[in-house]
Each structure stands twice: as C-alpha cells, then as structure tokens.
>>> print(open('coords-v1.cif').read())   # mmCIF, C-alpha atoms
data_entry
loop_
_atom_site.label_atom_id
_atom_site.label_comp_id
_atom_site.auth_asym_id
_atom_site.auth_seq_id
_atom_site.Cartn_x
_atom_site.Cartn_y
_atom_site.Cartn_z
CA ALA A 5 27.08 -57.18 -59.61
CA SER A 6 23.38 -58.03 -59.36
CA GLN A 7 23.55 -58.05 -55.56
CA ARG A 8 25.41 -54.74 -55.52
CA GLY A 9 22.72 -53.23 -57.77
CA GLY A 10 19.93 -54.51 -55.49
CA CYS A 11 21.75 -53.19 -52.44
CA GLY A 12 22.15 -49.82 -54.16
CA ARG A 13 18.41 -49.63 -54.88
CA MET A 14 17.63 -50.40 -51.17
CA SER A 15 20.12 -47.80 -50.04
CA SER A 16 18.60 -45.19 -52.35
CA GLY A 17 15.04 -45.87 -51.12
CA GLY A 18 16.20 -46.14 -47.55
CA MET A 19 18.07 -42.87 -47.66
CA HIS A 20 15.00 -41.15 -49.06
CA GLN A 21 12.98 -42.47 -46.11
CA TRP A 22 15.75 -41.43 -43.77
CA ASP A 23 15.83 -37.92 -45.21
CA GLU A 24 12.06 -37.65 -44.82
CA LEU A 25 12.30 -38.70 -41.18
CA ARG A 26 15.08 -36.19 -40.57
CA ARG A 27 13.07 -33.43 -42.28
CA ARG A 28 10.08 -34.16 -40.06
CA ALA A 29 12.31 -34.29 -36.97
CA ARG A 30 13.99 -30.97 -37.79
CA GLN A 31 10.61 -29.32 -38.44
CA MET A 32 9.22 -30.53 -35.11
CA GLU A 33 12.42 -29.49 -33.31
CA SER A 34 12.07 -26.01 -34.80
CA ASP A 35 8.41 -25.85 -33.70
CA ILE A 36 9.31 -27.12 -30.23
CA ASP A 37 12.12 -24.59 -29.89
CA SER A 38 9.75 -21.75 -30.84
CA LYS A 39 7.04 -22.98 -28.49
CA LEU A 40 9.51 -23.37 -25.64
CA ILE A 41 10.56 -19.73 -26.05
CA GLN A 42 6.89 -18.65 -25.79
CA PHE A 43 6.32 -21.04 -22.90
CA ASN A 44 9.35 -19.70 -21.03
CA LYS A 45 8.11 -16.10 -21.42
CA LEU A 46 4.87 -17.10 -19.72
CA SER A 47 6.82 -18.57 -16.80
CA VAL A 48 8.30 -15.17 -15.91
CA ALA A 49 5.19 -13.11 -16.70
CA PRO A 50 2.37 -12.53 -14.17
CA SER A 51 0.07 -15.51 -14.41
CA SER A 52 -3.60 -15.31 -15.16
CA GLU A 53 -6.37 -17.78 -15.78
CA ASP A 54 -6.24 -17.23 -19.56
CA ASN A 55 -2.66 -16.42 -20.57
CA GLY A 56 -2.29 -19.20 -23.16
CA ALA A 57 0.06 -21.36 -21.07
CA SER A 58 -2.29 -24.34 -21.04
CA ALA A 59 -2.68 -24.29 -24.83
CA ILE A 60 1.08 -24.05 -25.44
CA CYS A 61 1.69 -26.78 -22.87
CA THR A 62 -0.70 -29.07 -24.71
CA GLU A 63 0.94 -28.27 -28.06
CA LEU A 64 4.40 -28.95 -26.66
CA GLU A 65 3.31 -32.27 -25.17
CA SER A 66 1.92 -33.27 -28.57
CA LEU A 67 5.05 -32.12 -30.46
CA LEU A 68 7.37 -33.89 -28.01
CA MET A 69 5.35 -37.07 -28.39
CA GLN A 70 5.46 -36.81 -32.19
CA LEU A 71 9.20 -36.11 -32.11
CA SER A 72 9.70 -39.12 -29.85
CA GLU A 73 7.73 -41.29 -32.28
CA THR A 74 9.75 -39.93 -35.19
CA ASN A 75 12.96 -40.73 -33.34
CA GLU A 76 11.68 -44.25 -32.74
CA HIS A 77 11.04 -44.59 -36.48
CA MET A 78 14.58 -43.41 -37.08
CA VAL A 79 15.87 -45.96 -34.57
CA ARG A 80 13.98 -48.77 -36.25
CA PHE A 81 15.20 -47.57 -39.62
CA SER A 82 18.84 -47.47 -38.48
CA GLN A 83 18.47 -50.94 -37.00
CA SER A 84 17.43 -52.22 -40.43
CA LEU A 85 20.68 -50.99 -41.96
CA SER A 86 23.96 -52.80 -42.09
CA PRO A 87 26.63 -51.70 -39.61
CA ALA A 88 28.47 -49.84 -42.35
CA GLU A 89 25.31 -48.03 -43.52
CA ALA A 90 24.12 -47.29 -39.93
CA ALA A 91 27.30 -45.49 -38.81
CA ARG A 92 26.45 -42.01 -40.08
CA PRO A 93 22.65 -42.20 -39.39
CA GLY A 94 23.49 -43.46 -35.90
CA LYS A 95 25.43 -40.29 -35.07
CA ILE A 96 22.64 -38.11 -36.51
CA LEU A 97 20.03 -40.10 -34.59
CA GLN A 98 22.02 -39.67 -31.38
CA ARG A 99 21.95 -35.90 -31.89
CA HIS A 100 18.19 -35.94 -32.46
CA ARG A 101 17.69 -38.01 -29.32
CA GLU A 102 19.86 -35.60 -27.31
CA LEU A 103 17.83 -32.68 -28.58
CA LEU A 104 14.61 -34.50 -27.65
CA HIS A 105 15.98 -35.13 -24.17
CA GLU A 106 16.99 -31.45 -23.79
CA TYR A 107 13.63 -30.25 -25.06
CA ASP A 108 11.76 -32.59 -22.73
CA ARG A 109 13.86 -31.54 -19.75
CA GLU A 110 13.43 -27.83 -20.59
CA PHE A 111 9.68 -28.33 -21.07
CA ARG A 112 9.31 -30.03 -17.69
CA LYS A 113 11.39 -27.31 -16.03
CA ILE A 114 9.30 -24.48 -17.51
CA ARG A 115 6.05 -26.31 -16.77
CA SER A 116 7.17 -26.77 -13.17
CA ASN A 117 8.09 -23.07 -12.93
CA ILE A 118 4.69 -22.04 -14.27
CA SER A 119 2.95 -24.42 -11.87
CA GLU A 120 4.93 -23.01 -8.95
CA GLN A 121 4.22 -19.47 -10.12
CA ARG A 122 0.50 -20.22 -10.24
CA GLU A 123 0.63 -21.77 -6.78
CA ARG A 124 2.45 -18.69 -5.46
CA ASP A 125 -0.06 -16.41 -7.14
CA GLU A 126 -2.96 -18.42 -5.76
CA LEU A 127 -1.38 -18.37 -2.30
CA LEU A 128 -0.69 -14.66 -2.62
CA GLY A 129 -4.25 -14.10 -3.79
CA SER A 130 -5.52 -16.10 -0.85
CA VAL A 131 -3.31 -14.13 1.53
CA ARG A 132 -4.49 -10.87 -0.02
CA ALA A 133 -8.09 -12.01 0.32
CA ASP A 134 -7.46 -12.93 3.95
CA ILE A 135 -5.79 -9.57 4.54
CA GLY A 136 -8.72 -7.85 2.86
CA GLU A 137 -11.17 -9.75 5.03
CA TYR A 138 -9.08 -8.96 8.12
CA LYS A 139 -8.96 -5.28 7.21
CA THR A 140 -12.70 -5.26 6.60
CA ALA A 141 -13.34 -7.00 9.93
CA ALA A 142 -10.87 -4.67 11.66
CA SER A 143 -12.54 -1.66 10.07
CA GLN A 144 -15.94 -2.91 11.21
CA ARG A 145 -14.58 -3.52 14.72
CA MET A 146 -13.03 -0.05 14.71
CA GLU A 147 -16.32 1.49 13.61
CA SER A 148 -18.09 -0.45 16.35
CA LEU A 149 -15.51 0.73 18.90
CA VAL A 150 -15.88 4.31 17.67
CA ARG A 151 -19.66 4.06 18.03
CA GLU A 152 -19.31 2.53 21.49
CA ARG A 153 -16.79 5.22 22.43
CA GLY A 154 -19.16 7.91 21.17
CA ALA A 155 -22.01 6.39 23.16
CA ALA A 156 -19.77 6.16 26.25
CA GLN A 157 -18.67 9.76 25.83
CA GLY A 158 -22.32 10.78 25.45
CA SER A 159 -23.15 8.90 28.64
CA ILE A 160 -20.20 10.54 30.40
CA ARG A 161 -21.33 13.98 29.23
CA THR A 162 -24.86 13.26 30.41
CA THR A 163 -23.51 12.03 33.75
CA ASP A 164 -21.34 15.14 34.06
CA GLN A 165 -24.35 17.30 33.36
CA ILE A 166 -26.40 15.44 35.96
CA LEU A 167 -23.57 15.71 38.52
CA ALA A 168 -23.13 19.40 37.71
CA GLY A 169 -26.87 19.93 38.19
CA ALA A 170 -26.76 17.96 41.43
CA ALA A 171 -23.76 20.00 42.65
CA ALA A 172 -25.58 23.24 41.80
CA THR A 173 -28.69 22.00 43.61
CA TYR A 174 -26.55 21.00 46.58
CA ASP A 175 -24.89 24.45 46.65
CA SER A 176 -28.32 26.09 46.40
CA LEU A 177 -29.65 23.94 49.23
CA ARG A 178 -26.61 24.76 51.35
CA SER A 179 -27.14 28.46 50.64
CA GLN A 180 -30.83 28.17 51.47
CA ARG A 181 -29.96 26.20 54.59
CA GLY A 182 -27.63 29.01 55.70
CA LEU A 183 -30.30 31.59 54.95
CA TYR A 184 -32.89 29.59 56.85
CA GLY A 185 -30.41 29.21 59.69
CA ASN A 186 -29.90 32.97 59.84
CA ILE A 187 -33.65 33.54 59.77
CA SER A 188 -34.14 30.94 62.47
CA THR A 189 -31.45 32.59 64.59
CA LYS A 190 -33.02 36.00 64.11
CA LEU A 191 -36.45 34.60 64.95
CA ALA A 192 -35.03 32.94 68.04
CA VAL A 193 -33.42 36.23 69.08
CA PHE A 194 -36.64 38.05 68.31
CA ARG A 195 -38.63 35.55 70.34
CA SER A 196 -36.21 35.92 73.23
CA LYS A 197 -36.82 39.70 73.21
CA LEU A 198 -40.60 39.51 73.00
CA PRO A 199 -41.22 39.68 76.80
CA SER A 200 -39.25 42.93 77.18
CA ILE A 201 -40.98 44.37 74.15
CA ASP A 202 -44.37 43.42 75.53
CA SER A 203 -43.43 45.05 78.84
CA LEU A 204 -42.25 48.17 77.03
CA LEU A 205 -45.43 48.35 75.01
CA GLY A 206 -47.47 47.98 78.20
CA ARG A 207 -45.62 50.84 79.89
CA ILE A 208 -46.04 52.99 76.81
CA GLN A 209 -49.75 52.28 76.72
CA ARG A 210 -50.10 53.06 80.44
CA ARG A 211 -48.17 56.28 80.04
CA LYS A 212 -50.38 57.25 77.16
CA LYS A 213 -53.45 56.69 79.37
CA VAL A 214 -51.97 58.83 82.13
CA GLU A 215 -51.07 61.54 79.68
CA SER A 216 -54.56 61.33 78.21
CA MET A 217 -56.09 61.71 81.66
CA ILE A 218 -53.82 64.67 82.49
CA LEU A 219 -54.61 66.24 79.17
CA ALA A 220 -58.31 65.69 79.76
CA GLY A 221 -58.00 67.29 83.22
CA VAL A 222 -56.14 70.27 81.85
CA VAL A 223 -58.70 70.68 79.12
CA SER A 224 -61.50 70.43 81.64
CA VAL A 225 -59.90 73.03 83.92
CA CYS A 226 -59.35 75.32 80.96
CA ALA A 227 -62.94 74.92 79.90
CA ILE A 228 -64.22 75.69 83.40
CA VAL A 229 -62.02 78.76 83.66
CA ILE A 230 -63.22 79.97 80.31
CA LEU A 231 -66.84 79.42 81.24
CA TYR A 232 -66.30 81.18 84.55
CA PHE A 233 -64.88 84.29 83.05
CA SER A 234 -67.54 84.23 80.40
CA VAL A 235 -70.28 84.25 83.04
CA LEU A 236 -68.66 87.03 85.03
CA ARG A 237 -68.74 89.36 82.05
#
>>> encode(input="coords-v1.cif", output="structure tokens")
Amino acid sequence: ASQRGGCGRMSSGGMHQWDELRRRARQMESDIDSKLIQFNKLSVAPSSEDNGASAICTELESLLMQLSETNEHMVRFSQSLSPAEAARPGKILQRHRELLHEYDREFRKIRSNISEQRERDELLGSVRADIGEYKTAASQRMESLVRERGAAQGSIRTTDQILAGAAATYDSLRSQRGLYGNISTKLAVFRSKLPSIDSLLGRIQRRKKVESMILAGVVSVCAIVILYFSVLR
C-alpha cells in the first residue's frame, strides 16, 4: 500500500509536468500555425526589401526550435515513465512530433518559395535595368543617327544647291558662248565684206568730187552769164 501511495504521488506530479509541457507545446504550435499563415501570404505577394518576411522567418525558426526542445522534454519525460504509464503520453507525443515535422517541412517550403521569389524579382529587376540601359543606349544611338542624318541631309542640300548653281552657271556660259559665237560669225562676215564696202565708199567719194566739180562749173558759168548780162545793161 505504501508503494502504491508513493507511485500515485509520482504519477500526480509527473502528470502535472506532462500537462505543462503539453500546454507549452500547444501554445507554440498555435503560434507557429499563425506565423506560417502570415509567412505563406508573403510568399505569394510581391516581394520587397522590407515586407516583414525576414522577421517572421526568424520568429518561426525560434518557435520551431523551442517546440523541438519541448518535444525533447516530453520524450525524456515519457522515457521516465513505466510502460503502462507511457502508453497514452507516447501517442500524444507522437502527434506533437508529427505536427513539428509538418510545421518544419511547411516552413522550409515557404522559405524556399520566398527565396525563389526574391531571386526571380532580383533577376527581373536586373533584366529590367538591362532593358532600361539598352533602351537608353538605343535612344542615344537613335538621336545620334538622327543628328547624323540631319547633318547628311544638310550636306546633300548644300551640295544640291552648289550643283544647281554650277548648272545655272554652265547654262549661262553656254548661252554666252553661243552669243559670242554669233557675234564672232557676224564680225567675220562683216570683215569679209569690208573690202567691197571700202571700194563702194571710194566710188561714192569720187562721184561726190565729180559732182562737186560739175556743180562748181555750172555755178561758175551761171555767174559769168549773170555778170555778162549785167554789164550789157
């Protein structure tokens, strides 16, 4: 009877310790479950440098470690019990260990998803930055090409103006050359006719002299006749 009373006192104190361990385990499991829900939401939301994922990750790591330690305490406690006393706590402990395993697996999965999401975002950001730099460089090259094209078009317009001026000058020179050719031809024709003109002018001058002499003779005769009749009166 004395041994049964001592065993009863140990069982009563042991069960109180067991209940305390279970209470702590259930509280941490509840906290972990709540944190995992928050953590999972961050894995599907757009990542940012300060979205709280790191803080929740740290809290979950701490809670999982504490829950693992609590489970180890429960294991050690169950090992101190007799086989008959350890039957029911063993089943409860197995459930707590399964929950710990599920929580740990879910935590690692979500953490991996968040890490991959961050890597994708960083890669996407890098690609966007590269695209932005490429667009900027392409825009600068396009502006340079536009400026070069404008300069080339300006040079072409200037060249066209020079060629147009040269063509006009050439046409003017050709026209002047034709005019000078006509003048030269006329001068050559005129020079070829100079001897006959000179001969004609000489004959005209000689005829004028003869006519002048005849006229002078007629005038002289008339004057003599007039003087003669004047004297006779």
>>> residues_around(input="coords-v1.cif", residues="Glu65 in chain A", least_positions_apart="3", cutoff="12 Å", atoms="only C-alpha atoms", output="PDB file with C-alpha atoms, keeping the file's coordinate frame")
ATOM      1  CA  MET A  32       9.220 -30.530 -35.110  1.00  0.00           C
ATOM      2  CA  ASP A  35       8.410 -25.850 -33.700  1.00  0.00           C
ATOM      3  CA  ILE A  36       9.310 -27.120 -30.230  1.00  0.00           C
ATOM      4  CA  LYS A  39       7.040 -22.980 -28.490  1.00  0.00           C
ATOM      5  CA  LEU A  40       9.510 -23.370 -25.640  1.00  0.00           C
ATOM      6  CA  PHE A  43       6.320 -21.040 -22.900  1.00  0.00           C
ATOM      7  CA  SER A  58      -2.290 -24.340 -21.040  1.00  0.00           C
ATOM      8  CA  ALA A  59      -2.680 -24.290 -24.830  1.00  0.00           C
ATOM      9  CA  ILE A  60       1.080 -24.050 -25.440  1.00  0.00           C
ATOM     10  CA  CYS A  61       1.690 -26.780 -22.870  1.00  0.00           C
ATOM     11  CA  THR A  62      -0.700 -29.070 -24.710  1.00  0.00           C
ATOM     12  CA  LEU A  68       7.370 -33.890 -28.010  1.00  0.00           C
ATOM     13  CA  MET A  69       5.350 -37.070 -28.390  1.00  0.00           C
ATOM     14  CA  GLN A  70       5.460 -36.810 -32.190  1.00  0.00           C
ATOM     15  CA  LEU A  71       9.200 -36.110 -32.110  1.00  0.00           C
ATOM     16  CA  SER A  72       9.700 -39.120 -29.850  1.00  0.00           C
ATOM     17  CA  LEU A 104      14.610 -34.500 -27.650  1.00  0.00           C
ATOM     18  CA  TYR A 107      13.630 -30.250 -25.060  1.00  0.00           C
ATOM     19  CA  ASP A 108      11.760 -32.590 -22.730  1.00  0.00           C
ATOM     20  CA  ARG A 109      13.860 -31.540 -19.750  1.00  0.00           C
ATOM     21  CA  GLU A 110      13.430 -27.830 -20.590  1.00  0.00           C
ATOM     22  CA  PHE A 111       9.680 -28.330 -21.070  1.00  0.00           C
ATOM     23  CA  ARG A 112       9.310 -30.030 -17.690  1.00  0.00           C
ATOM     24  CA  ARG A 115       6.050 -26.310 -16.770  1.00  0.00           C
TER      25      ARG A 115
END
>>> atom_distance(input="coords-v1.cif", atom1="CA of Asn186 in chain A", atom2="CA of Ala170 in chain A")
24.0 Å
>>> atom_distance(input="coords-v1.cif", atom1="CA of Leu67 in chain A", atom2="CA of Glu33 in chain A")
8.3 Å
>>> atom_distance(input="coords-v1.cif", atom1="CA of Lys95 in chain A", atom2="CA of Ser34 in chain A")
19.6 Å
>>> closest_residue(input="coords-v1.cif", among="A:Ala29, A:Ala133, A:Gly158, A:Glu120", to="Arg101 in chain A", atoms="all atoms listed in the file")
A:Ala29
>>> closest_residue(input="coords-v1.cif", among="A:Arg30, A:Arg207, A:Arg153, A:Arg178", to="Leu103 in chain A", atoms="all atoms listed in the file")
A:Arg30
>>> closest_residue(input="coords-v1.cif", among="A:Ala91, A:Leu25, A:Ser148, A:Ser47", to="Lys113 in chain A", atoms="only C-alpha atoms")
A:Ser47
